[in-house]
file protein-v2.csv (CSV, C-alpha atoms)
chain,number,residue,atom,x,y,z
A,1,MET,CA,5.4,-13.1,6.1
A,2,ARG,CA,4.8,-13.2,2.4
A,3,HIS,CA,2.1,-12.0,0.0
A,4,PHE,CA,-0.4,-14.8,-0.9
A,5,GLY,CA,1.1,-16.8,1.9
A,6,HIS,CA,-2.4,-17.6,3.0
A,7,LEU,CA,-2.9,-19.7,-0.1
A,8,ALA,CA,-2.0,-23.4,-0.1
A,9,PRO,CA,1.4,-24.1,-1.6
A,10,GLU,CA,-0.1,-26.0,-4.5
A,11,VAL,CA,-2.3,-23.1,-5.4
A,12,ARG,CA,0.7,-20.7,-5.4
A,13,GLN,CA,2.6,-23.1,-7.6
A,14,ARG,CA,-0.2,-23.1,-10.1
A,15,LEU,CA,-0.5,-19.3,-10.1
A,16,PHE,CA,3.1,-18.1,-10.0
A,17,HIS,CA,6.1,-18.4,-12.3
A,18,ARG,CA,8.1,-17.0,-9.4
A,19,GLU,CA,6.4,-17.0,-6.0
A,20,PRO,CA,6.4,-14.0,-3.7
A,21,GLY,CA,9.4,-13.8,-1.5
A,22,GLU,CA,9.4,-13.9,2.3
A,23,PHE,CA,10.1,-10.8,4.4
A,24,THR,CA,10.0,-9.8,8.1
A,25,ALA,CA,9.7,-6.5,10.0
A,26,GLU,CA,13.5,-6.5,10.2
A,27,SER,CA,13.9,-6.6,6.4
A,28,PRO,CA,15.6,-3.7,4.6
A,29,ALA,CA,13.5,-0.5,4.3
A,30,ARG,CA,13.7,-0.6,0.5
A,31,LEU,CA,12.1,-4.1,0.5
A,32,LEU,CA,9.5,-3.2,3.1
A,33,SER,CA,8.4,0.0,1.3
A,34,ALA,CA,7.6,-2.1,-1.8
A,35,ALA,CA,5.9,-4.9,0.3
A,36,LEU,CA,3.4,-2.7,2.1
A,37,GLY,CA,0.7,-3.6,-0.4
A,38,ALA,CA,-2.9,-2.9,0.8
A,39,THR,CA,-2.4,-1.1,4.2
A,40,LEU,CA,-5.5,-1.8,6.2
A,41,TYR,CA,-6.6,0.9,8.6
A,42,SER,CA,-8.5,0.0,11.8
A,43,PRO,CA,-9.7,2.3,14.7
A,44,ALA,CA,-7.6,1.9,17.7
A,45,THR,CA,-10.7,1.6,19.9
A,46,ARG,CA,-11.9,-1.7,18.6
A,47,PRO,CA,-12.4,-4.0,21.7
A,48,ARG,CA,-11.1,-7.1,19.9
A,49,LEU,CA,-8.4,-5.4,18.0
A,50,ALA,CA,-5.8,-8.2,18.6
A,51,ASP,CA,-8.1,-10.8,17.3
A,52,ASP,CA,-8.9,-8.7,14.3
A,53,ILE,CA,-5.2,-8.3,13.5
A,54,VAL,CA,-4.6,-12.0,13.7
A,55,LYS,CA,-7.6,-12.7,11.5
A,56,GLN,CA,-6.7,-10.2,8.8
A,57,ALA,CA,-3.1,-11.5,8.7
A,58,ALA,CA,-4.5,-15.0,8.1
A,59,ARG,CA,-6.4,-13.5,5.1
A,60,GLY,CA,-3.3,-12.0,3.5
A,61,VAL,CA,-3.0,-8.6,5.1
A,62,VAL,CA,0.7,-7.7,5.6
A,63,SER,CA,0.5,-4.1,6.9
A,64,MET,CA,-2.0,-2.4,9.2
A,65,VAL,CA,-2.5,1.0,10.7
A,66,LEU,CA,-4.1,1.3,14.1
A,67,CYS,CA,-5.6,4.8,14.1
A,68,LEU,CA,-5.9,7.3,16.9
A,69,GLU,CA,-6.7,10.2,14.5
A,70,ASP,CA,-9.6,10.8,12.2
A,71,SER,CA,-11.2,7.4,12.6
A,72,ILE,CA,-12.1,7.9,16.3
A,73,ASP,CA,-13.9,10.7,18.2
A,74,ASP,CA,-11.8,13.3,19.9
A,75,ALA,CA,-13.2,12.2,23.3
A,76,ASP,CA,-12.0,8.6,22.7
A,77,VAL,CA,-8.3,9.2,22.2
A,78,ALA,CA,-7.3,8.3,25.8
A,79,HIS,CA,-9.4,5.1,25.6
A,80,GLY,CA,-7.8,4.3,22.2
A,81,GLU,CA,-4.3,4.6,23.7
A,82,GLU,CA,-5.2,2.4,26.6
A,83,ASN,CA,-6.7,-0.1,24.3
A,84,LEU,CA,-3.6,-0.2,22.1
A,85,VAL,CA,-1.4,-0.9,25.1
A,86,ARG,CA,-3.6,-3.7,26.3
A,87,GLN,CA,-4.1,-5.3,22.8
A,88,PHE,CA,-0.3,-5.2,22.1
A,89,ALA,CA,0.4,-6.9,25.4
A,90,GLY,CA,-2.1,-9.6,24.4
A,91,LEU,CA,-0.5,-10.1,21.0
A,92,ALA,CA,3.0,-10.3,22.5
A,93,ALA,CA,1.8,-13.0,25.0
A,94,ARG,CA,0.7,-15.3,22.2
A,95,PRO,CA,2.9,-18.4,21.6
A,96,ALA,CA,3.4,-17.4,18.0
A,97,GLY,CA,4.6,-13.9,19.1
A,98,ALA,CA,5.2,-11.7,16.0
A,99,ALA,CA,5.8,-14.6,13.6
A,100,ASP,CA,2.3,-14.5,12.0
A,101,LEU,CA,1.5,-10.8,12.4
A,102,PRO,CA,1.5,-8.0,9.8
A,103,LEU,CA,3.6,-4.9,10.0
A,104,LEU,CA,1.9,-2.7,12.6
A,105,PHE,CA,1.8,1.1,12.6
A,106,ILE,CA,0.1,3.5,14.9
A,107,ARG,CA,-1.5,6.7,13.5
A,108,VAL,CA,-1.1,9.4,16.1
A,109,ARG,CA,-2.5,13.0,16.4
A,110,ALA,CA,0.4,14.7,18.2
A,111,ALA,CA,4.2,14.3,18.3
A,112,GLU,CA,4.2,13.8,22.1
A,113,GLN,CA,2.1,10.7,21.8
A,114,ILE,CA,5.0,8.8,20.1
A,115,PRO,CA,7.4,8.6,23.1
A,116,ASP,CA,4.5,8.2,25.5
A,117,LEU,CA,3.1,5.2,23.6
A,118,VAL,CA,6.5,3.6,23.1
A,119,ARG,CA,7.1,3.9,26.9
A,120,ARG,CA,3.7,2.5,27.7
A,121,LEU,CA,4.0,-0.4,25.3
A,122,GLY,CA,7.1,-1.7,27.1
A,123,ALA,CA,8.4,-5.0,25.8
A,124,SER,CA,5.5,-5.3,23.3
A,125,VAL,CA,7.0,-2.4,21.3
A,126,ARG,CA,8.8,-5.2,19.5
A,127,LEU,CA,5.6,-5.8,17.5
A,128,LEU,CA,5.5,-2.2,16.3
A,129,SER,CA,7.0,-1.1,13.0
A,130,GLY,CA,6.4,2.6,13.3
A,131,PHE,CA,4.0,5.5,13.2
A,132,VAL,CA,1.8,7.3,10.6
A,133,LEU,CA,2.2,11.0,10.8
A,134,PRO,CA,-1.0,13.1,9.9
A,135,LYS,CA,-1.2,16.3,8.0
A,136,PHE,CA,2.5,16.4,7.3
A,137,THR,CA,4.3,19.5,6.2
A,138,GLY,CA,7.9,20.5,6.7
A,139,GLU,CA,7.1,22.7,9.7
A,140,ARG,CA,4.6,20.4,11.4
A,141,GLY,CA,6.4,17.2,10.5
A,142,LEU,CA,9.8,17.8,12.0
A,143,PRO,CA,8.5,17.5,15.6
A,144,PHE,CA,7.0,14.1,14.8
A,145,LEU,CA,10.2,12.9,13.2
A,146,GLU,CA,12.3,14.1,16.1
A,147,ALA,CA,10.0,12.4,18.6
A,148,MET,CA,10.3,9.2,16.6
A,149,GLN,CA,14.1,9.4,16.7
A,150,ALA,CA,14.0,9.9,20.4
A,151,ALA,CA,11.6,7.0,21.0
A,152,GLU,CA,13.7,4.7,18.8
A,153,THR,CA,16.8,5.6,20.8
A,154,ALA,CA,15.0,5.0,24.1
A,155,SER,CA,13.4,1.7,23.1
A,156,GLY,CA,16.2,0.2,20.9
A,157,ARG,CA,13.5,-0.6,18.4
A,158,ARG,CA,13.8,0.4,14.7
A,159,LEU,CA,10.8,2.5,13.9
A,160,PHE,CA,9.6,3.8,10.5
A,161,ALA,CA,7.6,6.9,9.7
A,162,MET,CA,4.8,7.1,7.1
A,163,PRO,CA,3.9,10.8,6.7
A,164,VAL,CA,0.4,11.5,5.3
A,165,LEU,CA,0.3,14.3,2.7
A,166,GLU,CA,-3.1,15.8,3.2
A,167,SER,CA,-2.8,19.4,4.3
A,168,PRO,CA,-4.6,22.3,2.5
A,169,GLU,CA,-1.2,24.0,1.9
A,170,LEU,CA,-0.3,21.1,-0.3
A,171,LEU,CA,-3.6,21.3,-2.2
A,172,TYR,CA,-3.7,25.0,-2.8
A,173,ARG,CA,-1.8,25.9,-5.9
A,174,GLU,CA,-0.2,29.1,-4.6
A,175,SER,CA,1.5,27.3,-1.7
A,176,ARG,CA,2.0,23.8,-3.2
A,177,VAL,CA,5.6,24.1,-4.4
A,178,ASP,CA,6.8,25.7,-1.2
A,179,THR,CA,5.0,23.0,0.8
A,180,LEU,CA,6.5,20.2,-1.2
A,181,GLU,CA,10.0,21.6,-0.9
A,182,GLY,CA,9.5,21.8,2.9
A,183,ILE,CA,8.2,18.2,3.0
A,184,PHE,CA,11.2,17.1,1.0
A,185,ARG,CA,13.7,18.8,3.3
A,186,ALA,CA,12.1,17.2,6.4
A,187,VAL,CA,11.8,13.6,5.0
A,188,ASP,CA,15.2,13.8,3.4
A,189,LYS,CA,16.8,14.6,6.7
A,190,TYR,CA,15.3,11.4,8.2
A,191,ARG,CA,15.5,9.4,4.9
A,192,ASP,CA,16.5,6.2,6.6
A,193,ARG,CA,13.4,6.2,8.7
A,194,VAL,CA,10.7,7.3,6.2
A,195,LEU,CA,9.2,4.1,4.8
A,196,ALA,CA,6.6,5.6,2.5
A,197,LEU,CA,4.6,8.8,1.9
A,198,ARG,CA,0.8,8.3,2.0
A,199,LEU,CA,-1.7,10.5,0.2
A,200,GLY,CA,-4.8,11.8,2.1
A,201,VAL,CA,-7.1,12.3,-0.8
A,202,THR,CA,-10.3,12.5,1.3
A,203,ASP,CA,-8.9,15.6,3.0
A,204,PHE,CA,-8.0,17.1,-0.3
A,205,CYS,CA,-11.6,16.6,-1.5
A,206,SER,CA,-12.9,18.0,1.8
A,207,SER,CA,-11.2,21.4,1.1
A,208,TYR,CA,-13.5,21.8,-1.9
A,209,GLY,CA,-16.6,20.1,-0.6
A,210,LEU,CA,-16.1,17.2,-3.0
A,211,ARG,CA,-16.5,13.5,-2.8
A,212,ARG,CA,-15.9,11.1,-5.7
A,213,ALA,CA,-18.6,8.7,-6.7
A,214,PRO,CA,-18.0,5.0,-6.7
A,215,ASP,CA,-17.7,4.9,-10.5
A,216,MET,CA,-15.0,7.6,-10.5
A,217,THR,CA,-11.4,7.5,-9.4
A,218,ALA,CA,-9.2,10.1,-7.7
A,219,TYR,CA,-7.8,10.8,-11.2
A,220,ASP,CA,-11.2,12.0,-12.4
A,221,VAL,CA,-11.2,14.7,-9.8
A,222,GLN,CA,-8.8,17.1,-11.5
A,223,VAL,CA,-7.9,19.2,-8.5
A,224,VAL,CA,-6.9,16.0,-6.7
A,225,ALA,CA,-5.1,14.5,-9.8
A,226,SER,CA,-3.0,17.6,-10.1
A,227,VAL,CA,-1.7,17.2,-6.5
A,228,ILE,CA,-0.9,13.5,-7.0
A,229,ALA,CA,1.1,14.5,-10.1
A,230,ASP,CA,3.1,17.1,-8.3
A,231,VAL,CA,3.7,14.9,-5.3
A,232,VAL,CA,5.1,12.2,-7.6
A,233,ASN,CA,7.0,14.8,-9.6
A,234,MET,CA,8.9,16.2,-6.6
A,235,LEU,CA,8.9,13.3,-4.1
A,236,GLY,CA,8.7,10.1,-6.1
A,237,ARG,CA,11.6,10.4,-8.5
A,238,ALA,CA,13.5,7.3,-9.6
A,239,ASP,CA,16.9,9.0,-9.4
A,240,GLY,CA,17.6,8.0,-5.8
A,241,THR,CA,16.1,11.1,-4.2
A,242,GLY,CA,12.5,9.9,-4.3
A,243,PHE,CA,10.3,7.9,-1.9
A,244,THR,CA,7.7,5.3,-2.2
A,245,VAL,CA,4.3,7.1,-2.6
A,246,THR,CA,1.2,5.0,-1.8
A,247,GLY,CA,-2.2,5.2,-3.5
A,248,PRO,CA,-5.2,7.0,-1.9
A,249,VAL,CA,-8.0,5.4,0.1
A,250,TRP,CA,-11.0,3.9,-1.7
A,251,GLU,CA,-14.1,4.8,0.4
A,252,TYR,CA,-16.7,2.3,-0.9
A,253,PHE,CA,-17.0,-1.3,0.1
A,254,ARG,CA,-20.4,-2.6,-1.0
A,255,ALA,CA,-20.5,-4.8,-4.1
A,256,GLN,CA,-21.0,-2.6,-7.2
A,257,GLU,CA,-23.5,-3.4,-10.0
A,258,ARG,CA,-20.8,-3.8,-12.6
A,259,MET,CA,-17.9,-6.2,-12.7
A,260,PHE,CA,-14.5,-6.0,-14.3
A,261,LYS,CA,-16.2,-7.4,-17.4
A,262,PRO,CA,-13.3,-7.3,-19.9
A,263,GLN,CA,-11.2,-9.4,-17.6
A,264,LEU,CA,-14.0,-11.9,-17.0
A,265,ARG,CA,-14.7,-12.4,-20.7
A,266,GLN,CA,-11.0,-12.9,-21.5
A,267,SER,CA,-10.2,-15.5,-18.8
A,268,PRO,CA,-10.3,-19.1,-20.0
A,269,PHE,CA,-9.9,-20.2,-16.3
A,270,LEU,CA,-13.3,-18.7,-15.5
A,271,GLU,CA,-15.0,-20.8,-18.2
A,272,VAL,CA,-14.3,-23.9,-16.2
A,273,GLN,CA,-16.2,-22.8,-13.1
A,274,ALA,CA,-18.1,-19.9,-14.6
A,275,VAL,CA,-21.2,-19.9,-12.4
A,276,GLU,CA,-19.5,-20.2,-9.0
A,277,LEU,CA,-16.7,-17.8,-9.7
A,278,ARG,CA,-18.9,-15.2,-11.5
A,279,ALA,CA,-21.2,-15.1,-8.4
A,280,ARG,CA,-18.2,-14.7,-6.1
A,281,LEU,CA,-16.6,-12.0,-8.2
A,282,ILE,CA,-19.9,-10.1,-8.5
A,283,GLU,CA,-20.1,-10.1,-4.7
A,284,HIS,CA,-16.5,-8.8,-4.3
A,285,ALA,CA,-15.7,-6.8,-7.4
A,286,MET,CA,-15.5,-3.1,-7.3
A,287,ASP,CA,-15.0,-1.6,-10.8
A,288,GLY,CA,-14.0,1.8,-9.6
A,289,LEU,CA,-11.5,0.4,-7.2
A,290,LEU,CA,-9.9,-1.8,-9.8
A,291,ARG,CA,-9.6,1.1,-12.2
A,292,GLU,CA,-8.1,3.4,-9.5
A,293,ILE,CA,-5.5,0.7,-8.6
A,294,SER,CA,-4.4,0.5,-12.2
A,295,LEU,CA,-4.2,4.3,-12.5
A,296,ASP,CA,-2.2,4.4,-9.2
A,297,GLN,CA,0.4,2.1,-10.7
A,298,ALA,CA,0.4,4.0,-14.0
A,299,ASN,CA,1.1,7.2,-12.1
A,300,GLY,CA,4.0,5.8,-10.1
A,301,LEU,CA,2.2,4.9,-6.9
A,302,LEU,CA,2.8,1.6,-5.1
A,303,GLY,CA,0.4,0.1,-2.5
A,304,LYS,CA,-2.8,1.6,-1.3
A,305,THR,CA,-4.5,2.8,1.9
A,306,CYS,CA,-7.5,0.6,2.6
A,307,ILE,CA,-10.4,0.9,5.0
A,308,HIS,CA,-12.1,-2.4,4.3
A,309,PRO,CA,-10.8,-6.0,4.1
A,310,SER,CA,-12.5,-6.6,0.8
A,311,HIS,CA,-10.1,-4.1,-0.8
A,312,VAL,CA,-6.9,-6.0,0.1
A,313,LEU,CA,-7.1,-8.8,-2.4
A,314,PRO,CA,-7.7,-6.6,-5.5
A,315,VAL,CA,-4.7,-4.4,-4.5
A,316,HIS,CA,-2.5,-7.4,-4.1
A,317,ALA,CA,-3.7,-9.3,-7.2
A,318,LEU,CA,-3.1,-6.2,-9.4
A,319,SER,CA,0.4,-5.8,-7.8
A,320,VAL,CA,1.6,-9.1,-9.0
A,321,VAL,CA,4.1,-8.7,-11.9
A,322,SER,CA,2.9,-10.3,-15.1
A,323,HIS,CA,5.1,-12.8,-16.9
A,324,GLU,CA,5.5,-10.3,-19.8
A,325,GLU,CA,6.6,-7.4,-17.5
A,326,PHE,CA,9.1,-9.7,-15.8
A,327,SER,CA,10.5,-10.9,-19.1
A,328,ASP,CA,11.0,-7.3,-20.3
A,329,ALA,CA,12.5,-6.1,-17.1
A,330,ALA,CA,14.9,-9.0,-16.8
A,331,ASP,CA,16.0,-8.6,-20.4
A,332,ILE,CA,16.6,-4.9,-19.9
A,333,LEU,CA,18.8,-5.5,-16.8
A,334,ARG,CA,21.0,-8.2,-18.2
A,335,PRO,CA,24.6,-7.2,-17.5
A,336,GLU,CA,25.5,-7.3,-21.2
A,337,ARG,CA,22.9,-4.6,-21.8
A,338,GLY,CA,24.8,-2.1,-19.7
A,339,GLY,CA,25.9,-0.1,-22.7
A,340,GLY,CA,22.3,0.7,-23.7
A,341,GLY,CA,20.6,0.1,-27.1
A,342,VAL,CA,17.2,-1.1,-28.2
A,343,LEU,CA,16.0,-4.7,-28.3
A,344,ARG,CA,12.8,-6.4,-29.3
A,345,SER,CA,10.7,-7.8,-26.5
A,346,ALA,CA,10.6,-11.5,-26.1
A,347,TYR,CA,6.9,-11.2,-26.6
A,348,THR,CA,7.7,-9.5,-30.0
A,349,ASN,CA,5.1,-6.8,-29.3
A,350,LYS,CA,7.3,-3.8,-28.3
A,351,MET,CA,10.7,-2.3,-28.3
A,352,ASN,CA,12.7,-2.1,-25.0
A,353,GLU,CA,15.1,0.8,-24.8
A,354,VAL,CA,17.7,-0.2,-22.2
A,355,LYS,CA,18.7,3.2,-20.7
A,356,PRO,CA,15.2,4.9,-20.6
A,357,HIS,CA,13.5,1.8,-19.3
A,358,ARG,CA,16.2,0.8,-16.7
A,359,ALA,CA,14.5,2.6,-13.8
A,360,TRP,CA,11.1,1.0,-14.7
A,361,ALA,CA,12.8,-2.4,-14.9
A,362,GLU,CA,14.4,-2.0,-11.5
A,363,ARG,CA,11.1,-1.1,-9.9
A,364,THR,CA,9.4,-4.0,-11.6
A,365,LEU,CA,11.9,-6.5,-10.3
A,366,LEU,CA,11.6,-5.1,-6.8
A,367,ARG,CA,7.8,-5.5,-7.0
A,368,ALA,CA,8.4,-9.1,-8.4
A,369,GLU,CA,10.5,-9.9,-5.4
A,370,VAL,CA,7.6,-9.2,-2.9
A,371,PHE,CA,4.5,-9.8,-5.0
A,372,GLY,CA,5.8,-12.6,-7.3
A,373,VAL,CA,5.5,-13.2,-11.0
A,374,ALA,CA,2.4,-14.7,-12.5
A,375,ARG,CA,2.6,-17.7,-14.9
A,376,GLU,CA,2.3,-16.8,-18.5
A,377,ASP,CA,-1.4,-17.9,-18.7
A,378,VAL,CA,-2.4,-16.4,-15.3
A,379,GLY,CA,-4.0,-13.0,-15.1
A,380,PHE,CA,-5.6,-10.8,-12.5
A,381,VAL,CA,-8.9,-12.7,-12.4
A,382,GLU,CA,-7.3,-16.0,-11.6
A,383,LEU,CA,-5.3,-14.4,-8.8
A,384,LEU,CA,-8.4,-12.7,-7.4
A,385,ALA,CA,-10.6,-15.8,-7.6
A,386,ALA,CA,-8.0,-18.0,-5.9
A,387,GLY,CA,-7.9,-15.6,-2.9
A,388,ILE,CA,-11.6,-15.1,-2.4
A,389,PRO,CA,-12.7,-17.1,0.7
A,390,ASP,CA,-15.2,-19.8,0.2

call {"tool": "encode", "arguments": {"input": "protein-v2.csv", "output": "structure tokens"}}
result
Amino acid sequence: MRHFGHLAPEVRQRLFHREPGEFTAESPARLLSAALGATLYSPATRPRLADDIVKQAARGVVSMVLCLEDSIDDADVAHGEENLVRQFAGLAARPAGAADLPLLFIRVRAAEQIPDLVRRLGASVRLLSGFVLPKFTGERGLPFLEAMQAAETASGRRLFAMPVLESPELLYRESRVDTLEGIFRAVDKYRDRVLALRLGVTDFCSSYGLRRAPDMTAYDVQVVASVIADVVNMLGRADGTGFTVTGPVWEYFRAQERMFKPQLRQSPFLEVQAVELRARLIEHAMDGLLREISLDQANGLLGKTCIHPSHVLPVHALSVVSHEEFSDAADILRPERGGGGVLRSAYTNKMNEVKPHRAWAERTLLRAEVFGVAREDVGFVELLAAGIPD
């Protein structure tokens, strides 16, 4: 699979200076954690779940979570489990097998579901990449991780964990540091199997009876923004001890009244087909979502939890490395720069300090490997417009 792999080769050639690279479910964890992109959630009870998975993969989705937790009623858990087993069997029986499928994860409610589901999936477990672990703390999370390790040993299938950080203990200031330290101890013990940490911002807001409006981002809700900052501070460090932390869910999916107007005005590409593309972008654009994705990246988050297919393309389009970013990162990481120093950007608009900017450059080139590098004259709007279905 590859990001933007659903586009025709000639379209990718027009958009990318360096095209996104290919990866599989067997790729190294470091690469997969960067490649998750927009992780699309779907209730495990959907009757045509297998068809939905195939359809979304054809539209550019590379990671999905099939949810047995908050997205379904308590009374439907057993039905959801049975449906997952049946749908996985159907997917495994397809001639294409796993070749055209996204990374698939199951969000469970209890640790004991993990070995039970792996056993019931049988041979189709080969389509499963791991489990999403809800309301994760050091104390509650260890049984999940231990169950995953046991299930992996029993099945012979490499399985990754994606803990969700959403508990009130993490939100409340008086217990936050202790909770973060407990989370770190748990995930550090199973570091090789923790693919990413996911933020449950909806649960954070729930603790205070809050809900952000469609023109506000998670970073406008200060009590939430402070948690994100502390999670990145303690769990997302670039010194080798940190983990990939993904962006929070965006709850709205109807077209908003405003577009990403500055981008539209600045794009010469849109002047060519202004009427058609403007109409399509009005239909799909979500100003608040676009601002939140940008703020996610500015705050050290990579990828995003998504609950609607229309969110996927904006996340991926904004994850593509710009030609300028790539130029700076590659320059900083040249072998002859190992001793440090300061150099002028090839774009002659900034100074690049080799040692302070090295970690940024390494993260940027990893993102470039999976999301590609845009051509010098290609921006977000061109990437978005190319991917919107006719």

call {"tool": "residues_near_point", "arguments": {"input": "protein-v2.csv", "point": "(-4.2, -3.6, 28.7)", "cutoff": "12 Å", "atoms": "all atoms listed in the file", "output": "PyMOL selection string"}}
result
chain A and resi 47-50+79-93+120-122+124

call {"tool": "atom_distance", "arguments": {"input": "protein-v2.csv", "atom1": "atom CA of A:Phe326", "atom2": "atom CA of A:Gln56"}}
result
29.2 Å

call {"tool": "closest_residue", "arguments": {"input": "protein-v2.csv", "among": "A:Ser206, A:Asn299, A:Asn349, A:Ser27", "to": "A:Ile228", "atoms": "only C-alpha atoms"}}
result
A:Asn299

call {"tool": "closest_residue", "arguments": {"input": "protein-v2.csv", "among": "A:Val77, A:His3, A:Leu195, A:Lys135", "to": "A:Pro102", "atoms": "all atoms listed in the file"}}
result
A:His3

call {"tool": "closest_residue", "arguments": {"input": "protein-v2.csv", "among": "A:Ala151, A:Val11, A:Ile106, A:Leu366", "to": "A:Met64", "atoms": "all atoms listed in the file"}}
result
A:Ile106

call {"tool": "residues_around", "arguments": {"input": "protein-v2.csv", "residues": "A:Met162", "least_positions_apart": "2", "cutoff": "6 Å", "atoms": "all atoms listed in the file", "output": "list in words"}}
result
Val132, Leu133, Val194, Leu195, Ala196 and Leu197 of chain A

call {"tool": "closest_residue", "arguments": {"input": "protein-v2.csv", "among": "A:Ile293, A:Pro168, A:Asp203, A:Leu159", "to": "A:Thr217", "atoms": "all atoms listed in the file"}}
result
A:Ile293

call {"tool": "residues_around", "arguments": {"input": "protein-v2.csv", "residues": "A:Ser71", "least_positions_apart": "3", "cutoff": "9 Å", "atoms": "only C-alpha atoms", "output": "VMD selection string"}}
result
chain A and resid 41 to 44 67 to 68

call {"tool": "atom_distance", "arguments": {"input": "protein-v2.csv", "atom1": "atom CA of A:Ala225", "atom2": "atom CA of A:Arg107"}}
result
24.8 Å

call {"tool": "residues_around", "arguments": {"input": "protein-v2.csv", "residues": "A:Val373", "least_positions_apart": "4", "cutoff": "9 Å", "atoms": "only C-alpha atoms", "output": "list of chain:residue names"}}
result
A:Leu15, A:Phe16, A:His17, A:Arg18, A:Glu19, A:Pro20, A:Val320, A:Val321, A:Ser322, A:His323, A:Glu325, A:Phe326, A:Arg367, A:Ala368, A:Glu369

call {"tool": "write_last_selection", "arguments": {"input": "protein-v2.csv", "atoms": "C-alpha atoms", "output": "PDB file, in the coordinates of the input"}}
result
ATOM      1  CA  LEU A  15      -0.500 -19.300 -10.100  1.00  0.00           C
ATOM      2  CA  PHE A  16       3.100 -18.100 -10.000  1.00  0.00           C
ATOM      3  CA  HIS A  17       6.100 -18.400 -12.300  1.00  0.00           C
ATOM      4  CA  ARG A  18       8.100 -17.000  -9.400  1.00  0.00           C
ATOM      5  CA  GLU A  19       6.400 -17.000  -6.000  1.00  0.00           C
ATOM      6  CA  PRO A  20       6.400 -14.000  -3.700  1.00  0.00           C
ATOM      7  CA  VAL A 320       1.600  -9.100  -9.000  1.00  0.00           C
ATOM      8  CA  VAL A 321       4.100  -8.700 -11.900  1.00  0.00           C
ATOM      9  CA  SER A 322       2.900 -10.300 -15.100  1.00  0.00           C
ATOM     10  CA  HIS A 323       5.100 -12.800 -16.900  1.00  0.00           C
ATOM     11  CA  GLU A 325       6.600  -7.400 -17.500  1.00  0.00           C
ATOM     12  CA  PHE A 326       9.100  -9.700 -15.800  1.00  0.00           C
ATOM     13  CA  ARG A 367       7.800  -5.500  -7.000  1.00  0.00           C
ATOM     14  CA  ALA A 368       8.400  -9.100  -8.400  1.00  0.00           C
ATOM     15  CA  GLU A 369      10.500  -9.900  -5.400  1.00  0.00           C
TER      16      GLU A 369
END

call {"tool": "atom_distance", "arguments": {"input": "protein-v2.csv", "atom1": "atom CA of A:Gly387", "atom2": "atom CA of A:Val61"}}
result
11.7 Å

call {"tool": "closest_residue", "arguments": {"input": "protein-v2.csv", "among": "A:Gly240, A:Pro309, A:Arg193, A:Phe131", "to": "A:Ile53", "atoms": "all atoms listed in the file"}}
result
A:Pro309

call {"tool": "residues_around", "arguments": {"input": "protein-v2.csv", "residues": "A:Gln113", "least_positions_apart": "2", "cutoff": "10 Å", "atoms": "all atoms listed in the file", "output": "PyMOL selection string"}}
result
chain A and resi 68+81+107-111+115-119+144+147-148

call {"tool": "residues_around", "arguments": {"input": "protein-v2.csv", "residues": "stretch 335-347 of chain A", "least_positions_apart": "4", "cutoff": "12 Å", "atoms": "only C-alpha atoms", "output": "VMD selection string"}}
result
chain A and resid 323 to 331 351 to 358 376

call {"tool": "closest_residue", "arguments": {"input": "protein-v2.csv", "among": "A:Glu382, A:Asp52, A:Asp70, A:Glu10", "to": "A:Gly200", "atoms": "all atoms listed in the file"}}
result
A:Asp70

call {"tool": "residues_near_point", "arguments": {"input": "protein-v2.csv", "point": "(-7.6, -6.1, 1.1)", "cutoff": "12 Å", "atoms": "all atoms listed in the file", "output": "ChimeraX atom specification"}}
result
/A:3-4,36-41,56-64,249-250,253,284-286,289-290,303-319,384,387-388
